[in-house]
file start-v5.txt (compact mmCIF, C-alpha atoms)
# COMPACT_ATOMS: atom_id res chain seq x y z
CA MET A 7 3.20 -3.11 40.73
CA ASN A 8 6.00 -1.10 42.30
CA THR A 9 8.83 -1.71 39.87
CA LEU A 10 9.86 1.21 37.72
CA LEU A 11 8.67 0.82 34.14
CA SER A 12 11.66 1.18 31.82
CA ASP A 13 11.35 3.93 29.24
CA GLY A 14 13.96 2.29 27.00
CA LEU A 15 16.19 5.37 26.93
CA LEU A 16 19.97 5.16 27.16
CA ARG A 17 21.26 7.69 29.65
CA LEU A 18 24.62 9.25 28.88
CA HIS A 19 26.59 12.06 30.39
CA ARG A 20 27.13 14.97 28.07
CA GLN A 21 30.92 14.56 28.19
CA ASP A 22 30.68 10.86 27.31
CA LEU A 23 29.06 11.46 23.94
CA ARG A 24 32.34 12.01 22.15
CA LYS A 25 33.67 8.65 23.39
CA PHE A 26 31.44 6.84 20.94
CA THR A 27 31.95 6.57 17.21
CA LEU A 28 28.77 6.60 15.19
CA THR A 29 28.57 4.80 11.88
CA HIS A 30 26.23 5.51 9.01
CA LEU A 31 23.22 3.18 8.77
CA VAL A 32 20.93 4.50 6.08
CA SER A 33 20.01 7.77 4.41
CA GLY A 34 17.19 8.62 2.08
CA LEU A 35 15.33 11.36 0.30
CA ASP A 36 12.00 12.81 1.28
CA ASP A 37 9.09 12.34 -1.03
CA GLU A 38 8.77 15.78 -2.54
CA VAL A 39 5.53 17.41 -1.56
CA CYS A 40 4.69 20.46 -3.61
CA SER A 41 1.67 22.43 -4.61
CA GLU A 42 0.34 22.47 -8.13
CA GLY A 43 1.98 25.83 -8.81
CA GLU A 44 5.38 24.55 -7.78
CA SER A 45 5.24 21.45 -9.95
CA ARG A 46 5.42 23.26 -13.26
CA CYS A 47 8.29 22.57 -15.61
CA GLY A 48 11.37 24.62 -14.78
CA ALA A 49 10.38 25.38 -11.20
CA SER A 50 13.11 25.12 -8.60
CA THR A 51 13.25 21.96 -6.55
CA SER A 52 14.57 21.30 -3.08
CA LEU A 53 16.49 18.26 -1.96
CA SER A 54 15.97 17.01 1.57
CA GLY A 55 15.96 13.76 3.42
CA TYR A 56 16.91 11.84 6.51
CA THR A 57 19.99 10.09 7.79
CA GLU A 58 20.43 7.44 10.47
CA TRP A 59 23.55 6.76 12.52
CA VAL A 60 24.24 4.06 15.08
CA CYS A 61 26.90 2.98 17.52
CA PRO A 62 27.83 -0.55 16.41
CA GLN A 63 28.97 -1.53 19.92
CA GLU A 64 27.20 -1.29 23.25
CA PRO A 65 25.49 0.91 24.15
CA ARG A 66 23.39 0.77 20.97
CA LEU A 67 23.06 4.50 20.48
CA SER A 68 20.77 5.62 17.70
CA LEU A 69 20.53 9.08 16.18
CA GLY A 70 18.57 10.15 13.16
CA TRP A 71 17.88 13.60 11.77
CA ASP A 72 16.66 15.44 8.73
CA TRP A 73 18.86 17.34 6.32
CA GLN A 74 18.58 19.73 3.41
CA TYR A 75 20.84 20.38 0.45
CA GLU A 76 21.54 24.11 0.31
CA THR A 77 22.71 25.80 -2.82
CA ALA A 78 22.39 29.46 -1.80
CA THR A 79 26.11 30.10 -1.34
CA ILE A 80 28.45 27.12 -1.18
CA PRO A 81 26.50 23.91 -1.92
CA ARG A 82 26.30 21.92 1.29
CA VAL A 83 24.17 19.52 3.27
CA VAL A 84 22.90 20.89 6.59
CA ARG A 85 21.02 19.40 9.48
CA LEU A 86 17.37 20.36 9.80
CA GLY A 87 15.71 20.42 13.20
CA LEU A 88 16.34 18.23 16.20
CA PRO A 89 17.43 14.60 16.10
CA ARG A 90 15.36 11.52 16.86
CA THR A 91 17.04 9.18 19.28
CA ASN A 92 17.08 6.68 22.12
CA ILE A 93 19.55 8.80 24.11
CA LEU A 94 18.75 10.97 27.11
CA VAL A 95 21.62 13.25 28.10
CA LEU A 96 22.52 13.58 31.76
CA ASP A 97 23.93 16.72 33.23
CA GLY A 98 25.90 17.08 36.45
CA GLU A 99 25.76 13.97 38.54
CA ARG A 100 22.81 11.92 37.35
CA ASP A 101 20.19 14.47 36.47
CA PRO A 102 18.52 13.90 33.12
CA LEU A 103 18.09 17.02 31.03
CA PRO A 104 14.57 17.92 29.93
CA TRP A 105 13.86 16.01 26.72
CA ASN A 106 14.03 19.00 24.40
CA GLU A 107 17.20 20.29 26.02
CA SER A 108 18.74 16.84 25.64
CA LEU A 109 17.89 16.91 21.93
CA HIS A 110 19.62 20.27 21.57
CA VAL A 111 22.79 18.86 23.17
CA LEU A 112 22.67 15.94 20.74
CA ALA A 113 22.14 18.30 17.82
CA THR A 114 25.27 20.20 18.83
CA PHE A 115 27.14 16.90 19.04
CA ILE A 116 25.97 15.95 15.54
CA ASP A 117 27.34 19.20 14.17
CA THR A 118 30.82 18.32 15.46
CA PHE A 119 31.50 15.49 13.01
CA ASP A 120 31.37 15.07 9.26
CA TRP A 121 28.14 13.19 8.70
CA ASN A 122 27.30 15.31 5.68
CA THR A 123 29.68 13.69 3.22
CA PRO A 124 28.85 10.02 3.91
CA ALA A 125 25.13 10.74 4.15
CA PHE A 126 25.00 12.59 0.85
CA ARG A 127 27.26 10.01 -0.82
CA ALA A 128 24.95 7.23 0.39
CA VAL A 129 21.93 9.04 -1.00
CA CYS A 130 23.62 9.55 -4.35
CA GLN A 131 24.47 5.85 -4.53
CA ARG A 132 21.04 4.73 -3.42
CA TYR A 133 19.18 6.81 -5.94
CA SER A 134 21.57 6.63 -8.89
CA PHE A 135 20.61 4.68 -11.98
CA MET B 12 -16.27 9.93 11.04
CA GLU B 13 -16.74 7.33 13.74
CA ILE B 14 -14.23 5.10 15.47
CA LEU B 15 -15.40 1.63 16.44
CA SER B 16 -13.38 -0.32 18.95
CA GLY B 17 -13.55 -3.59 20.78
CA ARG B 18 -12.65 -7.23 20.78
CA PRO B 19 -14.15 -9.78 18.38
CA GLY B 20 -17.66 -10.44 19.61
CA HIS B 21 -18.00 -6.83 20.69
CA ILE B 22 -17.69 -5.53 17.14
CA THR B 23 -19.38 -7.34 14.28
CA GLN B 24 -17.76 -9.91 12.00
CA GLN B 25 -18.56 -7.63 9.04
CA VAL B 26 -16.49 -4.83 10.55
CA LEU B 27 -13.62 -7.23 11.23
CA THR B 28 -13.75 -8.44 7.63
CA ASP B 29 -13.77 -4.84 6.37
CA VAL B 30 -10.75 -4.13 8.56
CA ALA B 31 -8.88 -7.16 7.18
CA ARG B 32 -9.66 -6.08 3.62
CA TYR B 33 -8.53 -2.54 4.34
CA ARG B 34 -5.32 -3.79 5.93
CA TYR B 35 -4.62 -5.80 2.77
CA LYS B 36 -5.02 -2.67 0.63
CA VAL B 37 -2.74 -0.60 2.86
CA PHE B 38 0.00 -2.94 3.93
CA VAL B 39 0.19 -5.36 1.00
CA GLU B 40 -0.97 -3.40 -2.03
CA THR B 41 0.19 0.10 -1.06
CA LEU B 42 3.22 -0.43 1.18
CA GLY B 43 4.34 -3.72 -0.36
CA TRP B 44 4.82 -5.61 2.89
CA ASP B 45 5.46 -9.32 2.44
CA LEU B 46 2.57 -10.70 4.49
CA VAL B 47 0.72 -13.99 4.27
CA THR B 48 -2.79 -13.23 3.06
CA GLU B 49 -5.82 -15.06 1.79
CA HIS B 50 -8.71 -13.89 -0.39
CA GLY B 51 -7.63 -10.25 -0.18
CA LEU B 52 -7.74 -10.22 3.61
CA GLU B 53 -4.78 -9.50 5.85
CA LEU B 54 -4.94 -11.36 9.15
CA ASP B 55 -2.20 -12.87 11.26
CA GLN B 56 -1.63 -14.89 14.40
CA PHE B 57 -2.06 -11.79 16.56
CA ASP B 58 -5.68 -11.29 15.52
CA ARG B 59 -7.06 -13.24 18.45
CA ASP B 60 -10.08 -13.21 20.69
CA ASP B 61 -8.33 -10.83 23.09
CA THR B 62 -7.12 -8.41 20.39
CA LEU B 63 -8.55 -4.92 20.64
CA HIS B 64 -9.39 -3.61 17.18
CA LEU B 65 -10.00 -0.02 16.17
CA ALA B 66 -11.73 0.92 12.94
CA ALA B 67 -12.32 4.47 11.72
CA ARG B 68 -15.19 4.74 9.22
CA ASP B 69 -16.47 7.60 7.10
CA GLU B 70 -20.11 8.61 6.81
CA ALA B 71 -20.67 5.99 4.11
CA GLY B 72 -19.29 3.22 6.31
CA ASN B 73 -16.00 2.86 4.45
CA VAL B 74 -13.02 1.93 6.62
CA ILE B 75 -10.54 4.82 6.53
CA GLY B 76 -8.27 3.81 9.39
CA THR B 77 -7.31 0.83 11.54
CA ALA B 78 -5.21 -0.11 14.53
CA ARG B 79 -4.99 -2.97 16.96
CA LEU B 80 -3.84 -3.21 20.55
CA LEU B 81 -2.27 -6.23 22.20
CA PRO B 82 -1.13 -6.73 25.78
CA THR B 83 2.58 -7.51 26.01
CA THR B 84 1.80 -10.19 28.57
CA ARG B 85 0.77 -12.43 25.67
CA PRO B 86 2.50 -12.98 22.30
CA TYR B 87 2.70 -9.78 20.23
CA LEU B 88 4.28 -8.66 16.96
CA LEU B 89 7.41 -6.92 18.25
CA GLY B 90 8.20 -9.60 20.79
CA GLU B 91 7.63 -12.54 18.45
CA VAL B 92 8.75 -11.25 15.05
CA PHE B 93 10.99 -8.19 15.53
CA PRO B 94 12.75 -8.53 18.92
CA GLN B 95 16.01 -7.50 17.25
CA LEU B 96 14.67 -3.94 17.06
CA LEU B 97 15.12 -3.63 20.82
CA ALA B 98 18.93 -3.70 20.55
CA GLY B 99 19.39 -6.64 22.87
CA GLU B 100 16.86 -5.59 25.46
CA PRO B 101 14.22 -8.19 26.27
CA PRO B 102 10.80 -7.46 24.79
CA PRO B 103 8.54 -5.95 27.42
CA CYS B 104 6.19 -8.35 29.18
CA ASP B 105 4.27 -6.06 31.47
CA PRO B 106 0.57 -5.27 31.93
CA ARG B 107 1.53 -1.59 31.81
CA VAL B 108 2.84 -1.90 28.25
CA TRP B 109 0.54 -2.52 25.28
CA GLU B 110 1.53 -2.89 21.66
CA LEU B 111 -0.02 -0.86 18.87
CA SER B 112 0.24 -2.43 15.41
CA ARG B 113 -1.37 -2.41 11.98
CA PHE B 114 -1.88 1.31 12.35
CA ALA B 115 -3.02 3.07 9.18
CA ALA B 116 -5.20 5.97 8.15
CA VAL B 117 -5.23 6.01 4.37
CA ASP B 118 -8.52 7.18 2.90
CA PHE B 119 -8.87 5.28 -0.38
CA THR B 120 -12.03 7.18 -1.21
CA ALA B 121 -10.24 10.54 -1.12
CA SER B 122 -9.06 12.10 -4.38
CA GLN B 123 -5.41 12.00 -3.34
CA GLY B 124 -3.51 9.71 -1.06
CA SER B 125 -0.03 8.44 -0.46
CA ALA B 126 1.84 6.12 1.84
CA MET B 127 2.88 9.16 3.85
CA GLY B 128 -0.80 9.81 4.29
CA GLN B 129 -0.68 6.76 6.52
CA PHE B 130 -0.29 9.12 9.41
CA SER B 131 -0.82 12.67 8.26
CA SER B 132 -4.56 13.00 8.38
CA PRO B 133 -6.87 14.10 11.18
CA VAL B 134 -8.16 10.54 11.07
CA ALA B 135 -4.75 9.24 12.07
CA VAL B 136 -4.48 11.66 14.97
CA ALA B 137 -7.98 10.80 16.20
CA LEU B 138 -7.25 7.10 15.84
CA LEU B 139 -4.01 7.30 17.78
CA LYS B 140 -5.61 9.36 20.55
CA ARG B 141 -8.39 6.80 20.83
CA ALA B 142 -5.82 3.99 20.94
CA GLN B 143 -3.99 5.82 23.72
CA ALA B 144 -7.22 6.18 25.68
CA ILE B 145 -8.17 2.52 25.24
CA ALA B 146 -4.71 1.35 26.20
CA ARG B 147 -4.80 3.60 29.25
CA SER B 148 -8.20 2.29 30.30
CA ASN B 149 -6.74 -1.22 30.13
CA GLY B 150 -3.92 -0.33 32.49
CA ALA B 151 -1.25 0.75 30.00
CA GLU B 152 1.31 3.36 30.95
CA ARG B 153 3.18 3.09 27.67
CA ILE B 154 2.58 1.88 24.15
CA ILE B 155 5.24 0.17 22.09
CA THR B 156 5.04 -0.26 18.35
CA VAL B 157 6.93 -1.42 15.28
CA SER B 158 6.70 1.27 12.63
CA PRO B 159 8.16 2.45 9.35
CA LEU B 160 10.89 5.00 10.08
CA GLY B 161 8.91 7.92 8.72
CA VAL B 162 6.26 7.55 11.40
CA GLU B 163 8.66 8.93 14.01
CA ARG B 164 8.90 12.37 12.41
CA LEU B 165 5.16 12.41 11.88
CA LEU B 166 4.53 11.58 15.54
CA ARG B 167 6.70 14.52 16.48
CA ARG B 168 4.99 16.83 14.03
CA GLU B 169 1.59 15.95 15.47
CA GLY B 170 2.79 16.54 19.04
CA PHE B 171 2.82 12.97 20.37
CA ARG B 172 5.49 12.17 22.93
CA ALA B 173 7.47 9.27 21.53
CA HIS B 174 11.02 8.02 21.23
CA ARG B 175 12.77 5.11 19.61
CA ALA B 176 13.51 1.95 21.56
CA GLY B 177 16.59 1.10 19.55
CA PRO B 178 18.31 1.72 16.24
CA PRO B 179 16.19 1.28 13.12
CA MET B 180 16.89 -1.70 10.88
CA VAL B 181 16.30 -2.25 7.19
CA ILE B 182 14.14 -5.37 7.00
CA GLY B 183 12.72 -6.55 3.71
CA GLY B 184 13.92 -3.33 2.13
CA HIS B 185 11.96 -1.17 4.58
CA PRO B 186 13.61 0.86 7.38
CA ILE B 187 11.60 0.07 10.51
CA PHE B 188 12.08 0.71 14.20
CA ALA B 189 10.54 0.07 17.59
CA CYS B 190 8.96 3.11 19.17
CA TRP B 191 7.72 3.99 22.64
CA ILE B 192 4.66 6.23 22.73
CA ASP B 193 3.28 7.83 25.88
CA VAL B 194 -0.35 6.99 26.54
CA GLY B 195 -1.10 10.65 27.24
CA HIS B 196 -3.63 11.89 29.76
CA ALA B 197 -7.39 11.85 29.85
CA ASP B 198 -7.55 15.63 29.44
CA THR B 199 -5.81 15.40 26.06
CA ASP B 200 -8.40 13.06 24.58
CA LEU B 201 -10.82 15.87 23.81
CA GLN B 202 -8.26 18.08 22.11
call {"tool": "encode", "arguments": {"input": "start-v5.txt", "output": "structure tokens"}}
result
Amino acid sequence: MNTLLSDGLLRLHRQDLRKFTLTHLVSGLDDEVCSEGESRCGASTSLSGYTEWVCPQEPRLSLGWDWQYETATIPRVVRLGLPRTNILVLDGERDPLPWNESLHVLATFIDTFDWNTPAFRAVCQRYSF
Amino acid sequence: MEILSGRPGHITQQVLTDVARYRYKVFVETLGWDLVTEHGLELDQFDRDDTLHLAARDEAGNVIGTARLLPTTRPYLLGEVFPQLLAGEPPPCDPRVWELSRFAAVDFTASQGSAMGQFSSPVAVALLKRAQAIARSNGAERIITVSPLGVERLLRREGFRAHRAGPPMVIGGHPIFACWIDVGHADTDLQ
């Protein structure tokens, strides 16, 4: 068979990323994994989780990443690591970036908009009782 | 640990029954999936004569992991039940794409276990590498799967090349997504 097998990735130029508005889909908390020593009463606990964002119109962009609630200085929610996605960023004319480099570009893009507030608000609502 | 694989007829009916019972414990009892079951066995319309089953067993013969492979040229889970996860793209129908489903590696005989353990153990890694090899030997160039969202970060942590095929969706209270997984290369099977 000579046809190219689709990899299912959406290819976007770096400069086109900001043309799309992402909306919040779902956010959640990680199951806390801790050793026996850390589970004692009064021990500090960390808050971390994931958040998922989508483009509601075509193309159906999807970005998800992990986050952590930091309390060291000013309490804030920060991105952890590289995103998970169906986007492959193109550079120049039509050249796809290496996968990891593409993820770094997307991570930089994520840091340009306020995802932190809606994600953390959604988590608070989801887990409140 | 040993990993048995094959189609019905190639592996015994007892192993297939053990796999169905194990799948019930993982997907119905542990993960709470709303599946049609009978007599504590989880089987569906995709468990056919051409389905390739994988079963990981411990030294005592207990099933500690399962998976199944289906060609996308015949009906398969993603194409029939969850096509919406492909964001409008048609489900693949190509001999070079095989579907991996009912993947689990929870050891119920171990002292501790969790749903996240579904993919965190060496059993899971061995099982997925074997599934890649079997898919590859059947002509696959890519694997596609429907998975709980958490599997994606675990795939990355374990070094598998994978990416999502579309946005995740919350279905039945569970965030799930369609995922492409490379079939790897023969020289990675021994790692």
call {"tool": "interface_residues", "arguments": {"input": "start-v5.txt", "of": "chain B", "to": "chain A", "cutoff": "6 Å", "atoms": "all atoms listed in the file", "output": "PyMOL selection string"}}
result
chain B and resi 175-176+178
call {"tool": "closest_residue", "arguments": {"input": "start-v5.txt", "among": "A:Gly87, A:Gly34, A:Pro81, A:Gly55", "to": "Leu112 of chain A", "atoms": "all atoms listed in the file"}}
result
A:Gly87
call {"tool": "residues_around", "arguments": {"input": "start-v5.txt", "residues": "segment 34-39 of chain B", "least_positions_apart": "5", "cutoff": "9 Å", "atoms": "all atoms listed in the file", "output": "list of chain:residue names"}}
result
B:Asp29, B:Trp44, B:Asp45, B:Leu46, B:Thr48, B:Gly51, B:Leu52, B:Glu53, B:Leu54, B:Gly76, B:Thr77, B:Arg113, B:Phe114, B:Ala115, B:Ala116, B:Val117, B:Phe119, B:Ala126, B:Gln129
call {"tool": "atom_distance", "arguments": {"input": "start-v5.txt", "atom1": "atom CA of Gly184 of chain B", "atom2": "atom CA of Glu76 of chain A"}}
result
28.5 Å
call {"tool": "atom_distance", "arguments": {"input": "start-v5.txt", "atom1": "atom CA of Pro106 of chain B", "atom2": "atom CA of Arg79 of chain B"}}
result
16.1 Å
call {"tool": "residues_near_point", "arguments": {"input": "start-v5.txt", "point": "(25.7, 12.9, 27.0)", "cutoff": "8 Å", "atoms": "only C-alpha atoms", "output": "list in words"}}
result
Arg17, Leu18, His19, Arg20, Gln21, Asp22, Leu23, Ile93, Leu94, Val95, Leu96, Asp97, Val111 and Leu112 of chain A
call {"tool": "closest_residue", "arguments": {"input": "start-v5.txt", "among": "B:Ala144, B:Ile154, B:Val162, B:Ala78", "to": "Trp191 of chain B", "atoms": "all atoms listed in the file"}}
result
B:Ile154
call {"tool": "closest_residue", "arguments": {"input": "start-v5.txt", "among": "B:Leu42, B:Val108, B:Val157, B:Ile75", "to": "Pro94 of chain B", "atoms": "all atoms listed in the file"}}
result
B:Val157
call {"tool": "closest_residue", "arguments": {"input": "start-v5.txt", "among": "B:Ile187, B:Val30, B:Asp105, B:Thr84", "to": "Leu15 of chain B", "atoms": "only C-alpha atoms"}}
result
B:Val30
call {"tool": "closest_residue", "arguments": {"input": "start-v5.txt", "among": "B:Leu89, B:Met12, B:Leu27, B:Cys104", "to": "Arg68 of chain B", "atoms": "all atoms listed in the file"}}
result
B:Met12
call {"tool": "closest_residue", "arguments": {"input": "start-v5.txt", "among": "B:Leu65, B:Asp60, B:Ala98, B:Leu139", "to": "Ala31 of chain B", "atoms": "only C-alpha atoms"}}
result
B:Leu65
call {"tool": "atom_distance", "arguments": {"input": "start-v5.txt", "atom1": "atom CA of Ile22 of chain B", "atom2": "atom CA of Asp58 of chain B"}}
result
13.4 Å
call {"tool": "residues_around", "arguments": {"input": "start-v5.txt", "residues": "Ala173 of chain B", "least_positions_apart": "4", "cutoff": "7 Å", "atoms": "only C-alpha atoms", "output": "PDB file with C-alpha atoms, in the coordinates of the input"}}
result
ATOM      1  CA  CYS B 190       8.960   3.110  19.170  1.00  0.00           C
ATOM      2  CA  TRP B 191       7.720   3.990  22.640  1.00  0.00           C
ATOM      3  CA  ILE B 192       4.660   6.230  22.730  1.00  0.00           C
ATOM      4  CA  ASP B 193       3.280   7.830  25.880  1.00  0.00           C
TER       5      ASP B 193
END
call {"tool": "decode", "arguments": {"input": "start-v5.txt", "residues": "segment 28-92 of chain B", "atoms": "C-alpha atoms", "output": "mmCIF file, in the first residue's frame"}}
result
data_model
loop_
_atom_site.group_PDB
_atom_site.id
_atom_site.type_symbol
_atom_site.label_atom_id
_atom_site.label_comp_id
_atom_site.auth_asym_id
_atom_site.auth_seq_id
_atom_site.Cartn_x
_atom_site.Cartn_y
_atom_site.Cartn_z
ATOM 1 C CA THR B 28 -12.289 -17.709 30.772
ATOM 2 C CA ASP B 29 -9.630 -16.559 33.245
ATOM 3 C CA VAL B 30 -9.073 -13.471 31.093
ATOM 4 C CA ALA B 31 -12.810 -12.688 31.026
ATOM 5 C CA ARG B 32 -13.003 -13.070 34.808
ATOM 6 C CA TYR B 33 -9.968 -10.848 35.284
ATOM 7 C CA ARG B 34 -11.421 -8.219 32.959
ATOM 8 C CA TYR B 35 -14.591 -8.212 35.056
ATOM 9 C CA LYS B 36 -12.566 -7.560 38.216
ATOM 10 C CA VAL B 37 -10.579 -4.740 36.629
ATOM 11 C CA PHE B 38 -13.039 -2.913 34.435
ATOM 12 C CA VAL B 39 -16.336 -3.515 36.240
ATOM 13 C CA GLU B 40 -15.439 -3.969 39.896
ATOM 14 C CA THR B 41 -12.357 -1.731 40.125
ATOM 15 C CA LEU B 42 -12.863 0.953 37.478
ATOM 16 C CA GLY B 43 -16.670 0.948 37.566
ATOM 17 C CA TRP B 44 -17.215 0.776 33.816
ATOM 18 C CA ASP B 45 -20.814 0.178 32.808
ATOM 19 C CA LEU B 46 -20.370 -3.011 30.783
ATOM 20 C CA VAL B 47 -22.765 -5.832 30.019
ATOM 21 C CA THR B 48 -21.517 -8.899 31.865
ATOM 22 C CA GLU B 49 -22.696 -12.353 32.748
ATOM 23 C CA HIS B 50 -21.641 -14.702 35.557
ATOM 24 C CA GLY B 51 -18.712 -12.494 36.549
ATOM 25 C CA LEU B 52 -17.200 -12.596 33.070
ATOM 26 C CA GLU B 53 -16.590 -9.568 30.889
ATOM 27 C CA LEU B 54 -16.901 -10.333 27.193
ATOM 28 C CA ASP B 55 -18.228 -8.232 24.344
ATOM 29 C CA GLN B 56 -18.953 -8.363 20.640
ATOM 30 C CA PHE B 57 -15.291 -7.757 19.831
ATOM 31 C CA ASP B 58 -14.171 -11.021 21.425
ATOM 32 C CA ARG B 59 -14.332 -12.962 18.185
ATOM 33 C CA ASP B 60 -12.537 -15.815 16.518
ATOM 34 C CA ASP B 61 -10.058 -13.387 14.940
ATOM 35 C CA THR B 62 -9.349 -11.448 18.155
ATOM 36 C CA LEU B 63 -5.774 -11.672 19.374
ATOM 37 C CA HIS B 64 -5.715 -12.030 23.154
ATOM 38 C CA LEU B 65 -2.781 -11.440 25.466
ATOM 39 C CA ALA B 66 -2.684 -12.759 29.012
ATOM 40 C CA ALA B 67 0.122 -12.161 31.501
ATOM 41 C CA ARG B 68 0.262 -14.784 34.264
ATOM 42 C CA ASP B 69 2.323 -15.064 37.423
ATOM 43 C CA GLU B 70 4.182 -18.173 38.516
ATOM 44 C CA ALA B 71 1.028 -19.547 40.136
ATOM 45 C CA GLY B 72 -0.954 -19.153 36.918
ATOM 46 C CA ASN B 73 -2.975 -16.150 38.094
ATOM 47 C CA VAL B 74 -3.842 -13.636 35.371
ATOM 48 C CA ILE B 75 -2.101 -10.356 36.189
ATOM 49 C CA GLY B 76 -2.565 -8.539 32.891
ATOM 50 C CA THR B 77 -4.624 -8.607 29.711
ATOM 51 C CA ALA B 78 -4.926 -6.938 26.343
ATOM 52 C CA ARG B 79 -6.555 -7.658 23.031
ATOM 53 C CA LEU B 80 -5.729 -6.657 19.483
ATOM 54 C CA LEU B 81 -8.208 -6.162 16.665
ATOM 55 C CA PRO B 82 -7.609 -5.252 13.033
ATOM 56 C CA THR B 83 -9.318 -1.996 12.072
ATOM 57 C CA THR B 84 -10.438 -3.609 8.828
ATOM 58 C CA ARG B 85 -13.194 -5.313 10.829
ATOM 59 C CA PRO B 86 -15.488 -3.843 13.520
ATOM 60 C CA TYR B 87 -13.555 -2.609 16.564
ATOM 61 C CA LEU B 88 -14.308 -0.750 19.787
ATOM 62 C CA LEU B 89 -13.232 2.776 18.833
ATOM 63 C CA GLY B 90 -14.829 2.645 15.414
ATOM 64 C CA GLU B 91 -18.126 1.158 16.583
ATOM 65 C CA VAL B 92 -18.639 2.636 20.049
#
